[in-house]
file structure14.cif (mmCIF, C-alpha atoms)
data_input
loop_
_atom_site.label_atom_id
_atom_site.label_comp_id
_atom_site.auth_asym_id
_atom_site.auth_seq_id
_atom_site.Cartn_x
_atom_site.Cartn_y
_atom_site.Cartn_z
CA MET F 70 83.02 104.96 99.50
CA LEU F 71 80.88 105.16 96.41
CA SER F 72 77.72 106.10 98.28
CA LYS F 73 78.29 109.79 97.51
CA VAL F 74 78.10 109.42 93.74
CA ARG F 75 76.01 107.62 91.20
CA CYS F 76 77.53 104.22 90.70
CA CYS F 77 76.72 102.07 87.68
CA GLY F 78 73.74 104.30 86.94
CA ILE F 79 72.14 103.80 90.37
CA SER F 80 71.67 106.76 92.68
CA ALA F 81 72.97 106.19 96.20
CA ASN F 82 69.72 107.28 97.74
CA SER F 83 67.42 105.26 95.47
CA GLY F 84 66.86 102.57 98.09
CA VAL F 85 69.47 100.31 96.49
CA ARG F 86 72.48 99.42 98.61
CA SER F 87 75.45 101.48 97.49
CA LEU F 88 78.71 99.79 96.54
CA SER F 89 80.31 100.75 99.84
CA TYR F 90 81.43 99.49 103.23
CA ALA F 91 80.97 103.00 104.63
CA GLY F 92 81.44 103.28 108.36
CA GLY F 93 83.42 100.04 108.46
CA ARG F 94 80.22 97.97 108.33
CA ILE F 95 81.50 94.74 106.87
CA PRO F 96 78.67 92.31 106.03
CA PRO F 97 78.85 88.72 107.32
CA THR F 98 79.19 87.48 103.73
CA THR F 99 80.81 89.36 100.90
CA GLN F 100 78.56 89.61 97.88
CA ASN F 101 79.50 89.74 94.23
CA VAL F 102 78.84 92.91 92.26
CA ILE F 103 77.28 92.00 88.93
CA ASN F 104 75.71 94.54 86.61
CA GLY F 105 76.12 97.25 89.26
CA GLN F 106 74.15 95.31 91.88
CA TRP F 107 75.07 93.31 94.96
CA VAL F 108 74.38 89.62 94.35
CA GLU F 109 74.58 86.91 97.01
CA SER F 110 76.54 83.94 95.70
CA SER F 111 74.81 80.59 95.31
CA THR F 112 78.04 78.73 96.07
CA ASP F 113 78.42 76.21 98.85
CA ARG F 114 82.15 76.98 99.17
CA TRP F 115 83.25 79.97 101.23
CA ILE F 116 86.56 81.37 102.48
CA ASP F 117 86.62 82.82 105.99
CA VAL F 118 88.43 86.15 106.35
CA HIS F 119 89.91 86.44 109.84
CA ASN F 120 91.00 89.53 111.72
CA PRO F 121 94.65 88.57 112.40
CA ALA F 122 94.63 90.44 115.72
CA THR F 123 91.66 88.54 117.17
CA ASN F 124 91.28 85.52 114.87
CA GLN F 125 87.60 86.47 114.68
CA VAL F 126 85.88 85.87 111.32
CA VAL F 127 85.28 89.30 109.77
CA THR F 128 83.40 88.09 106.68
CA ARG F 129 83.11 85.12 104.39
CA VAL F 130 84.11 85.43 100.73
CA PRO F 131 82.42 83.19 98.14
CA GLN F 132 84.26 80.87 95.82
CA SER F 133 81.89 82.06 93.14
CA THR F 134 80.39 79.57 90.74
CA GLN F 135 81.21 79.23 87.05
CA ALA F 136 77.74 80.57 86.22
CA GLU F 137 78.31 83.66 88.41
CA MET F 138 81.63 84.31 86.71
CA GLU F 139 80.03 83.97 83.29
CA GLN F 140 77.21 86.32 84.34
CA ALA F 141 79.79 88.90 85.47
CA VAL F 142 81.67 88.60 82.16
CA GLU F 143 78.46 89.02 80.14
CA SER F 144 77.58 92.09 82.22
CA ALA F 145 81.06 93.50 81.62
CA LYS F 146 80.72 92.88 77.87
CA ALA F 147 77.43 94.79 77.84
CA ALA F 148 78.98 97.65 79.83
CA PHE F 149 81.98 97.69 77.50
CA SER F 150 79.85 98.58 74.49
CA ILE F 151 78.80 101.79 76.27
CA TRP F 152 82.12 102.46 78.03
CA SER F 153 84.15 102.15 74.81
CA ARG F 154 82.12 105.02 73.32
CA THR F 155 82.62 107.22 76.40
CA THR F 156 84.83 110.18 75.61
CA PRO F 157 88.27 110.44 77.20
CA LEU F 158 87.20 113.62 79.00
CA ALA F 159 84.15 111.87 80.52
CA ARG F 160 86.39 108.98 81.66
CA GLN F 161 88.78 111.49 83.18
CA GLN F 162 85.94 113.07 85.17
CA ILE F 163 85.06 109.65 86.61
CA MET F 164 88.67 109.17 87.70
CA PHE F 165 88.69 112.65 89.29
CA LYS F 166 85.57 111.69 91.30
CA TYR F 167 87.21 108.41 92.32
CA GLN F 168 90.35 110.29 93.37
CA GLN F 169 88.31 112.62 95.57
CA LEU F 170 86.43 109.74 97.20
CA ILE F 171 89.70 108.00 98.06
CA LYS F 172 91.02 111.21 99.62
CA GLU F 173 87.81 111.72 101.62
CA ASN F 174 87.76 108.11 102.87
CA LEU F 175 91.46 107.31 103.18
CA THR F 176 91.39 106.60 106.92
CA GLU F 177 88.19 104.56 106.69
CA VAL F 178 89.62 102.37 103.91
CA ALA F 179 92.87 101.98 105.85
CA LYS F 180 90.92 100.81 108.93
CA LEU F 181 89.23 98.13 106.82
CA ILE F 182 92.64 96.93 105.61
CA THR F 183 93.87 96.85 109.22
CA THR F 184 90.85 94.78 110.25
CA GLU F 185 91.20 92.29 107.40
CA GLN F 186 94.99 92.04 107.22
CA GLY F 187 96.41 93.09 110.56
CA LYS F 188 98.58 95.83 109.10
CA THR F 189 99.31 98.83 111.26
CA LEU F 190 97.12 101.80 110.45
CA ALA F 191 100.17 103.68 109.14
CA ASP F 192 101.05 100.81 106.76
CA ALA F 193 97.45 100.52 105.59
CA GLU F 194 97.28 104.28 104.96
CA GLY F 195 100.48 103.93 102.91
CA ASP F 196 98.80 101.23 100.82
CA VAL F 197 95.81 103.49 100.18
CA MET F 198 98.15 106.36 99.30
CA ARG F 199 99.93 104.16 96.74
CA GLY F 200 96.55 103.29 95.20
CA LEU F 201 95.70 106.98 95.17
CA GLN F 202 98.91 107.63 93.24
CA VAL F 203 97.82 105.08 90.63
CA VAL F 204 94.44 106.80 90.32
CA GLU F 205 96.11 110.22 90.06
CA ASN F 206 98.23 108.88 87.21
CA LEU F 207 95.08 107.60 85.51
CA CYS F 208 93.60 111.08 85.77
CA ALA F 209 96.06 111.88 82.97
CA ASN F 210 93.83 109.62 80.88
CA THR F 211 93.51 112.10 78.05
CA SER F 212 97.29 112.16 77.52
CA LEU F 213 97.70 108.42 78.02
CA MET F 214 95.15 107.67 75.29
CA MET F 215 96.89 109.68 72.59
CA GLY F 216 98.24 107.73 69.65
CA GLU F 217 101.48 108.44 67.87
CA THR F 218 102.44 109.46 64.38
CA LEU F 219 105.92 109.02 63.01
CA THR F 220 106.27 110.71 59.65
CA GLY F 221 108.89 109.55 57.20
CA ILE F 222 109.63 106.30 59.05
CA ALA F 223 110.65 104.89 55.66
CA LYS F 224 110.61 106.19 52.10
CA ASP F 225 107.04 107.27 51.37
CA MET F 226 105.78 105.73 54.62
CA ASP F 227 104.33 107.15 57.82
CA LEU F 228 103.40 105.17 60.91
CA THR F 229 100.28 105.96 62.93
CA SER F 230 99.17 104.13 66.06
CA PHE F 231 95.83 104.40 67.82
CA LYS F 232 94.88 103.39 71.35
CA THR F 233 91.42 101.90 71.46
CA PRO F 234 89.52 99.90 74.09
CA LEU F 235 89.97 96.17 73.49
CA GLY F 236 87.29 94.58 75.63
CA VAL F 237 86.71 92.73 78.86
CA CYS F 238 89.72 91.61 80.85
CA ALA F 239 90.31 90.18 84.31
CA GLY F 240 92.77 91.21 86.97
CA ILE F 241 93.95 89.49 90.09
CA ALA F 242 94.77 92.00 92.80
CA PRO F 243 97.37 90.97 95.37
CA PHE F 244 95.64 90.00 98.60
CA ASN F 245 98.25 91.75 100.70
CA PHE F 246 98.02 95.11 98.91
CA PRO F 247 94.36 95.42 97.81
CA ALA F 248 94.21 99.21 97.85
CA MET F 249 97.27 99.56 95.64
CA ILE F 250 95.42 98.12 92.65
CA PRO F 251 92.27 100.25 92.30
#
call {"tool": "encode", "arguments": {"input": "structure14.cif", "output": "structure tokens"}}
result
Amino acid sequence: MLSKVRCCGISANSGVRSLSYAGGRIPPTTQNVINGQWVESSTDRWIDVHNPATNQVVTRVPQSTQAEMEQAVESAKAAFSIWSRTTPLARQQIMFKYQQLIKENLTEVAKLITTEQGKTLADAEGDVMRGLQVVENLCANTSLMMGETLTGIAKDMDLTSFKTPLGVCAGIAPFNFPAMIP
């Protein structure tokens, strides 16, 4: 999906593999993405992902090592220092690009979900649509980032709140609805 735009500062046609499973080409092992690059895990523990319709192994997902997790966190911390200074309008443009890529690749993403989870194509497309709705809401980033001011909240007192980036966090996406949590 991301092969049509610059991702993590790397041009899609720079000879570096894009962050995409375009064309439904699922690799035999799923790699980690650390610092904007695909990285093969050094783990010796893998989880097989089966196509529920055929029971065929589609890919293997690493139980990444502690060191790999720490490397990803350090990379995210470094990216945060730049991202936190990115203007709300620039962030909004990134979300608009992401929104367009989801729209252009909706069926392709849904087919991947069908392969990995056995959902009907219609259900998988619904999942992708729900994720698209989340992204569309995030396109309102400029409004969502506004603080608030309450004047006269008490005698000689005003209240002002600011929304600022806090730092690196982790999220666990539900395995059965991966496209709903972009």
call {"tool": "closest_residue", "arguments": {"input": "structure14.cif", "among": "F:Ala209, F:Leu190, F:Val203, F:Leu175", "to": "Gln162 of chain F", "atoms": "only C-alpha atoms"}}
result
F:Ala209
call {"tool": "resolve_selection", "arguments": {"input": "structure14.cif", "expression": "the PyMOL selection byres ((chain F and resi 247) around 12)", "output": "VMD selection string"}}
result
chain F and resid 178 to 179 181 to 183 185 to 186 193 to 201 240 to 246 248 to 251
call {"tool": "atom_distance", "arguments": {"input": "structure14.cif", "atom1": "atom CA of Gln140 of chain F", "atom2": "atom CA of Ala239 of chain F"}}
result
13.7 Å
call {"tool": "atom_distance", "arguments": {"input": "structure14.cif", "atom1": "atom CA of Leu170 of chain F", "atom2": "atom CA of Lys188 of chain F"}}
result
22.0 Å
call {"tool": "residues_around", "arguments": {"input": "structure14.cif", "residues": "segment 123-137 of chain F", "least_positions_apart": "6", "cutoff": "9 Å", "atoms": "all atoms listed in the file", "output": "ChimeraX atom specification"}}
result
/F:95-101,103,109-117,184-185
call {"tool": "resolve_selection", "arguments": {"input": "structure14.cif", "expression": "the PyMOL selection byres ((chain F and resi 149) around 12)", "output": "list of chain:residue names"}}
result
F:Asn104, F:Val142, F:Glu143, F:Ser144, F:Ala145, F:Lys146, F:Ala147, F:Ala148, F:Ser150, F:Ile151, F:Trp152, F:Ser153, F:Arg154, F:Thr155, F:Thr233, F:Pro234, F:Leu235, F:Gly236, F:Val237, F:Cys238
call {"tool": "atom_distance", "arguments": {"input": "structure14.cif", "atom1": "atom CA of Val118 of chain F", "atom2": "atom CA of Ala191 of chain F"}}
result
21.3 Å
call {"tool": "closest_residue", "arguments": {"input": "structure14.cif", "among": "F:Lys232, F:Arg94, F:His119, F:Lys172", "to": "Asn210 of chain F", "atoms": "all atoms listed in the file"}}
result
F:Lys232
call {"tool": "residues_around", "arguments": {"input": "structure14.cif", "residues": "Glu205 of chain F", "least_positions_apart": "3", "cutoff": "8 Å", "atoms": "only C-alpha atoms", "output": "NGL selection string"}}
result
:F and (164-165 or 168 or 201-202 or 208-209)
call {"tool": "write_last_selection", "arguments": {"input": "structure14.cif", "atoms": "C-alpha atoms", "output": "PDB file, in the frame of the given file"}}
result
ATOM      1  CA  MET F 164      88.670 109.170  87.700  1.00  0.00           C
ATOM      2  CA  PHE F 165      88.690 112.650  89.290  1.00  0.00           C
ATOM      3  CA  GLN F 168      90.350 110.290  93.370  1.00  0.00           C
ATOM      4  CA  LEU F 201      95.700 106.980  95.170  1.00  0.00           C
ATOM      5  CA  GLN F 202      98.910 107.630  93.240  1.00  0.00           C
ATOM      6  CA  CYS F 208      93.600 111.080  85.770  1.00  0.00           C
ATOM      7  CA  ALA F 209      96.060 111.880  82.970  1.00  0.00           C
TER       8      ALA F 209
END
call {"tool": "closest_residue", "arguments": {"input": "structure14.cif", "among": "F:Thr176, F:Gln169, F:Thr156, F:Thr211", "to": "Asp192 of chain F", "atoms": "only C-alpha atoms"}}
result
F:Thr176
call {"tool": "closest_residue", "arguments": {"input": "structure14.cif", "among": "F:Met226, F:Ala122, F:Val108, F:Val204", "to": "Ile171 of chain F", "atoms": "all atoms listed in the file"}}
result
F:Val204
